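Below is one structure; the comments refer to it alone.
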Amino acid sequence: MGAPVHEISIQEARRIALAAQGFDRPRPAGRITAAHVGRTIRRLGLIQLDYVNVLVPAHYLVLFSRLGPYNRGLLDEVVYRRREFTEQWAHEASIVPVELWPLLRHRRELHRPRPWGFDEFLAAQPHYVERVLEQVRGQGPLTTADLPDAEGVPRRMDGDAWLGTVPRAKLEALFGQGVLAIAGRLPSFARMYDLAERVIPPAHYARLVVPTEAQRELIQSAARCYGIATADDYYRMPIRTARERIAELVAARELNPVRVEGWRVPAFLHPAAKAPRRIDACAVLSPFDPLVWYRPRAERLFGFEYRIEIYTPKEKRRWGYYVLPFLLGERLVARVDLKAERAEGRLAVPATHLDRSSCR
């Protein structure tokens with residue numbers, strides 16, 4: 001028989017999760033520096049990128065929730081100039097520490113270009129593919145606007161509003177495959193693409209990790225950043241794969257199985273996780289904050305049902321267009337609909353909703 005599984009209360013699970021996410025401490029006093037930004041991203045493991053600008057691009061808000069007011073240029077400093085971090089498909093499009101580059105190699109090797117069927121277009125256009133790479137090699141970093149059209153093909157693509165053009169789809173395909181990396185962003189937020197070997201530090205670019213070991217390292221990283229989690233919480237890893245790697249980590253005593261009050265699924269605790277006696281946090285959260293981006297986890301931890309309603313027809317919205325969770329102490333206690341009215345220089349609050357079930 002195995003050792004008995006430790007049981008913890010839902011209150012303790014919340015405090016563990018909040019502490020792992022940096023909400024167990026006051027915001028830094030004085031001027032926020034690049035070092036503060038870098039440490040915060042590492043504590044979180046990654047920051048999901050989202051440039052919806054109703055309030056502020058979501059990744060800037062993730063840092064604000066933990067650091068308070070800061071110069072947003074510091075994020076560009078640590079990611080694109082110091083090269084301590086890089087953009088990569090991880091949870092979604094994300095900023096990750098450069099050390100994760102080799103751990104995601106097996107995913108890049110399986111990457112399928114968007115939109116679906118675009119790989120067939122690429123196979124039929126080998127000369128265009130090589131032309132794009134030659135231009136990046138000779139002139140990079142480049143943006144989509146710098147690239148020529150594919151011969152005999154309309155520049156704009158139907159059916160994919162996000163990618164928009166054939167040149168962008170090609171650059172994104174090469175980025176997803178790890179041939180290119182993101183060297184910077186223009187003030188318009190447009191990506192600048194360069195050869196990955198010129199962006200990723202050599203030690204990380206050259207490191208080879210077998211997929212099973214990479215998966216274990218990714219789960220260890222996620223467990224450290226979550227504090228406590230279930231098998232379906234990890235980097236969007238296939239659930240069967242996650243369970244296999246978790247079992248190996250439990251056997252090696254690098255993860256501890258626990259039973260959480262009210263949860264129907266097994267949970268796993270990182271050995272270094274801390275459980276403070278109380279949390280005194282106060283923050284509005286991005287829709288893509290790591291604390292809430294996986295909605296089933298937010299509901300398990302906080303009893304808080306949440307969705308962003310940008311894509312919900314107005315007459316069907318329950319909470320608001322760009323509604324954000326509000327964290328007070330150890331609970332998500334409200335939903336706040338916010339909008340930056342830049343021309344007037346003010347922050348509008350179209351709606352607020354107290355979550356009475358979370359306040360009990």
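Starting from 1 in every chain, residues are counted up; chains themselves are A, B, ... following the order of the structure tokens, and ligands are numbered from 1 as listed.
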
Every residue of segment 98-346 of chain A that DSSP places in strand (DSSP E or B), as a ChimeraX atom specification: /A:142,156,165,180-185,191-195,228-229,256-260,267-269,281-284,323-329,331-341,346

Selection near Leu285 of chain A, 12 Å with only C-alpha atoms, sequence-local residues under 3 positions removed, as an MDAnalysis selection string: chainID A and resid 21 23 55:56 58:66 68 281:282 288:293 306 308 322:328 332:338

Å distance separating atom CA of Thr241 of chain A from atom CA of Thr212 of chain A, one decimal place: 8.9 Å

Nearest to Arg318 of chain A by atom-to-atom distance, counting only C-alpha atoms, from A:Leu255, A:Leu218, A:Ala351, A:Met192: A:Ala351

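For Thr230 of chain A, the list of residues within 8 Å, based on only C-alpha atoms and with local chain neighbours fewer than 3 positions off taken out, reads A:Asp233, A:Tyr234, A:Val265, A:Pro266, A:Ala267, A:Phe268.
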
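Distance-wise, atom CA of Pro141 of chain A and atom CA of Tyr193 of chain A end up 5.0 Å apart.
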
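Closest approach to Arg105 of chain A among A:Gly262, A:Gly38, A:Gly176, A:Pro26: A:Gly176, based on only C-alpha atoms.
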
d(atom CA of Arg155 of chain A, atom CA of Ile95 of chain A) in Å: 28.9 Å
